[in-house]
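Novice: Structure incoming, see below.
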Amino acid sequence: MFDIRLIREEIAAVKKGLVAKNAKTDPTEALILDQQYRQLIKAAEDLRSQKNTANDEITQILKEKGDPRAKIASMKTIAVKIDELEPQIKDIKASLQSVLLNIPNLPHSSVPVGGPPENKTVRSWGILRQFDFKPKTHIELAEKLGMIDFKRAVKLTGSHFVLFTGAGALLERALFNFMLDIHTREHGYREVFPPILVNRDAMTGTGQLPKMEEDMYRLRDDDLFLIPTAEVPVTNIHRDEILNEEDLPLCYTAYTACFRREAGSYGKDTKGLMRVHQFDKVELVKFVKPGDSYNELEKLVLDAERILQKLGLAYRVVLLASADLSFASAKCYDIEVYAPGLDKWLECSSCSNFEDFQARRSNIRFKGKTVSQTTLVHTLNGSGVALARTVAALLETYQTKEGEIAVPEVLRPYMGGLEKIVTPIERSHSIGTSF
């Protein structure tokens with residue numbers, strides 16, 4: 001949750017940061033509740049002190065063979081007052097925590113102030129491919145080559161779900177295996193394979209709850225959530241733990257399916273692979289010392305970029321402005337890959353520094369060898385990368401005039417040496433395809 005000490009000590013700076021993030025929450029409410037909470041805590045402590053004093057006095061009276069009844073009656077009155085305060089303290093604390101949980105992280109000072117028009121392209125890589133024919137979209141290519149069956153996916157589940165088939169399924173598997181190999185063998189991440197269902201505490205720890213519950217898929221009978229990203233289970237690996245300083249940074253990578261209701265996607269482009277409810281993604285998560293976190297963010301972005309470079313896909317890195325940041329992020333770079341058939345830049349990675357925002361909610365700390373006091377870690381995460389839009393860009397970039405797909409050289413070992421995806425041979429029963 002948000003650091004109440006920051007509100008107490010620097011409420012003007014907090015208000016300024018919230019305005020920059022276009023947040024509607026007023027920190028003054030938290031400050032009022034905090035003052036009430038501390039007053040009640042002090043009152044309860046004073047009463048407990050009086051009760052302890054009265055108890056000592058009763059003991060002394062009994063030693064002196066005196067009559068303790070008046071003092072006992074006084075102590076009982078104090079005990080009743082304490083009992084009356086405890087539910088008030090509990091209610092005020094819950095209200096304060098609820099307000100703090102709904103205050104977003106503040107933007108870092110290096111983040112441009114404003115909305116999406118203020119987003120800044122910091123660099124780009126690759127040359128946009130020039131075609132001597134009109135390039136097709138990934139939708140046209142995937143359907144012609146039998147790589148994706150959008151219609152049967154609707155039959156199986158509903159709109160905005162995807163059924164990869166034949167070479168499409170093989171390409172999907174090749175991509176996440178390739179990415180995991182690069183991140184573990186070349187970038188030094190430790191691979192984990194987490195659950196795709198998590199509990200409410202996990203979702204609250206990383207900041208998806210309570211603010212964004214409507215965008216999540218929830219199993220009501222068990223109060224479990226399908227993960228929107230592997231960031232959630234991987235960050236929560238160390239929830240309520242104290243790490244050793246010498247072990248930092250801890251760097252994890254994970255492949256998972258991801259699930260998002262996209263409740264706020266009305267009016268956005270949702271065709272093909274643009275905005276689906278289930279997609280595959282390789283995630284990168286770091287636990288680092290506070291003084292290292294912004295250097296580690298730059299390294300994380302480069303690790304994600306390296307995937308696109310090896311795939312030969314043109315992209316650009318965009319520094320998000322304050323009002324375009326996610327709820328939990330203090331600074332974020334989006335990586336957008338170019339899809340020539342759509343003639344659009346598609347976000348395929350977001351790389352964020354959350355500073356100690358998630359660590360405070362998840363109670364993740366570290367301690368040094370000589371210092372007994374613990375410190376909150378900084379957490380970072382980024383897509384390394386998300387597959388749905390990367391697949392769209394890959395199909396459109398590597399298409400031929402004949403409507404076939406040249407397989408990038410780095411993926412061929414993962415696809416049985418396949419160099420080109422060609423028109424499938426339809427089987428007699430019109431269900432299966434080969435390539």
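Lettering and numbering for the structure tokens are positional, with chains as A, B, ... in the shown order, residues counted from 1 in each chain, and ligands counted from 1 in the shown order.
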Find the residues of segment 179-222 of chain A that sit at most 12 Å from segment 91-98 of chain A; for each, write down the nearest two atoms and how far apart they are in Å, to one decimal. Count only C-alpha atoms. Sort by chain, then by number going up, and give it as a Markdown table.
Specialist:
| residue | atom | partner | partner_atom | distance |
| --- | --- | --- | --- | --- |
| A:Thr204 | CA | A:Ser98 | CA | 11.2 |
| A:Leu209 | CA | A:Ser98 | CA | 10.8 |
| A:Pro210 | CA | A:Ser98 | CA | 8.7 |
| A:Lys211 | CA | A:Ser98 | CA | 10.4 |
Novice: Show me, as a PyMOL selection string, the residues that have an atom within 12 Å of segment 254-259 of chain A when counting only C-alpha atoms, minus same-chain residues fewer than 6 positions from it.
Specialist: chain A and resi 160-161+172-173+175-181+183-184+189-197+215-218+225-235+275-286+381-388
Novice: Each residue of segment 348-428 of chain A lying at most 8 Å from segment 133-156 of chain A should get a row with its shortest atom-to-atom pair and the distance in Å to one decimal, counting only C-alpha atoms; could you produce that, ordered by chain and increasing number, as a Markdown table?
Specialist:
| residue | atom | partner | partner_atom | distance |
| --- | --- | --- | --- | --- |
| A:Ala392 | CA | A:His138 | CA | 5.2 |
| A:Ala393 | CA | A:His138 | CA | 7.5 |
| A:Leu395 | CA | A:His138 | CA | 5.7 |
| A:Glu396 | CA | A:His138 | CA | 5.6 |
| A:Gln399 | CA | A:Pro135 | CA | 7.5 |
| A:Lys401 | CA | A:Phe133 | CA | 6.5 |
| A:Gly403 | CA | A:Leu141 | CA | 6.4 |
| A:Glu404 | CA | A:Leu145 | CA | 7.4 |
| A:Ile421 | CA | A:Leu145 | CA | 7.5 |
| A:Val422 | CA | A:Leu145 | CA | 6.4 |
| A:Thr423 | CA | A:Leu145 | CA | 4.9 |
| A:Pro424 | CA | A:Leu145 | CA | 5.7 |
Novice: Which one is closest to Leu308 of chain A: A:Leu18, A:Ile103, A:Leu394, A:Val111? Count only C-alpha atoms.
Specialist: A:Leu394
Novice: So the first atom is atom CA of Glu296 of chain A and the second is atom CA of Cys332 of chain A; what is the distance between them in Å, to one decimal place?
Specialist: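 Result for atom CA of Glu296 of chain A versus atom CA of Cys332 of chain A: 12.5 Å, one decimal.
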Novice: If you run DSSP on this backbone, which residues of segment 103-251 of chain A come out as strand (DSSP E), and could you give them as a PyMOL selection string?
Specialist: chain A and resi 120-125+190-192+197-199+218-219+224-226+241-244+250-251
Novice: The selected residues should be written to file as a PDB file, in the first residue's frame (atoms: C-alpha atoms).
Specialist:
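Output contents, as saved in result.pdb:
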ATOM      1  CA  LYS A 120       8.699  10.190 -25.689  1.00  0.00           C
ATOM      2  CA  THR A 121      10.401   7.865 -28.184  1.00  0.00           C
ATOM      3  CA  VAL A 122      13.904   7.429 -26.771  1.00  0.00           C
ATOM      4  CA  ARG A 123      15.338   5.156 -29.480  1.00  0.00           C
ATOM      5  CA  SER A 124      14.439   2.876 -32.357  1.00  0.00           C
ATOM      6  CA  TRP A 125      16.051  -0.138 -33.960  1.00  0.00           C
ATOM      7  CA  ARG A 190      16.531 -18.007 -13.358  1.00  0.00           C
ATOM      8  CA  GLU A 191      13.583 -19.768 -14.969  1.00  0.00           C
ATOM      9  CA  VAL A 192      10.465 -20.576 -12.966  1.00  0.00           C
ATOM     10  CA  LEU A 197      -4.089 -19.183 -10.630  1.00  0.00           C
ATOM     11  CA  VAL A 198      -3.274 -16.951  -7.661  1.00  0.00           C
ATOM     12  CA  ASN A 199      -5.054 -15.838  -4.519  1.00  0.00           C
ATOM     13  CA  ARG A 218     -11.989 -14.657 -11.133  1.00  0.00           C
ATOM     14  CA  LEU A 219     -13.026 -18.142  -9.971  1.00  0.00           C
ATOM     15  CA  LEU A 224      -8.751 -17.308  -7.138  1.00  0.00           C
ATOM     16  CA  PHE A 225      -7.741 -15.270 -10.172  1.00  0.00           C
ATOM     17  CA  LEU A 226      -6.308 -16.240 -13.550  1.00  0.00           C
ATOM     18  CA  GLU A 241      10.201 -12.801   3.212  1.00  0.00           C
ATOM     19  CA  ILE A 242      13.449 -11.127   4.245  1.00  0.00           C
ATOM     20  CA  LEU A 243      16.121 -11.554   1.570  1.00  0.00           C
ATOM     21  CA  ASN A 244      19.866 -11.316   2.015  1.00  0.00           C
ATOM     22  CA  LEU A 250      17.359 -11.735  -7.926  1.00  0.00           C
ATOM     23  CA  CYS A 251      16.292 -12.109 -11.559  1.00  0.00           C
TER      24      CYS A 251
END
Novice: From the list A:Asn55, A:Thr397, A:Asn353, A:Asn102, which residue is nearest Lys299 of chain A when using only C-alpha atoms?
Specialist: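 Checking each of A:Asn55, A:Thr397, A:Asn353, A:Asn102 against Lys299 of chain A, counting only C-alpha atoms, the winner is A:Asn353.
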Novice: For the atom pair atom CA of Glu64 of chain A and atom CA of Lys76 of chain A, what is the interatomic distance in Å to one decimal place?
Specialist: 21.4 Å
Novice: Which of segment 21-113 of chain A end up as alpha helix (DSSP H) when DSSP is run on this backbone - answer as a ChimeraX atom specification?
Specialist: /A:27-63,69-101
Novice: Pick out the residues sitting within 9 Å of Pro107 of chain A, and hand them over as a list in words; count only C-alpha atoms, and ignore anything fewer than 6 positions along from it in its own chain.
Specialist: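 Here the qualifying residues turn out to be Gly17, Leu18, Ala20, Lys21, Val113, Ala321, Ser322, Ala323, Leu325, Ser329, Ala330 and Lys331 of chain A.
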Novice: Mind giving me the straight-line distance from atom CA of Ala70 of chain A to atom CA of Ser49 of chain A in Å, one decimal?
Specialist: 18.0 Å
Novice: Let me make sure I understand: among A:Gln35, A:Thr390, A:Thr59, A:Asn105, which one has the smallest atom-to-atom distance to Lys15 of chain A if we use only C-alpha atoms?
Specialist: A:Asn105
Novice: For a quick check of understanding, using only C-alpha atoms, which of A:Gln373, A:Thr270, A:Thr253, A:Ser352 has the smallest distance to Asn295 of chain A?
Specialist: A:Ser352
Novice: So, counting only C-alpha atoms, which residue among A:Ala23, A:Ile307, A:Ala169, A:Met203 is closest to Phe327 of chain A?
Specialist: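 Residue with the minimum atom-to-atom distance to Phe327 of chain A: A:Ala23.
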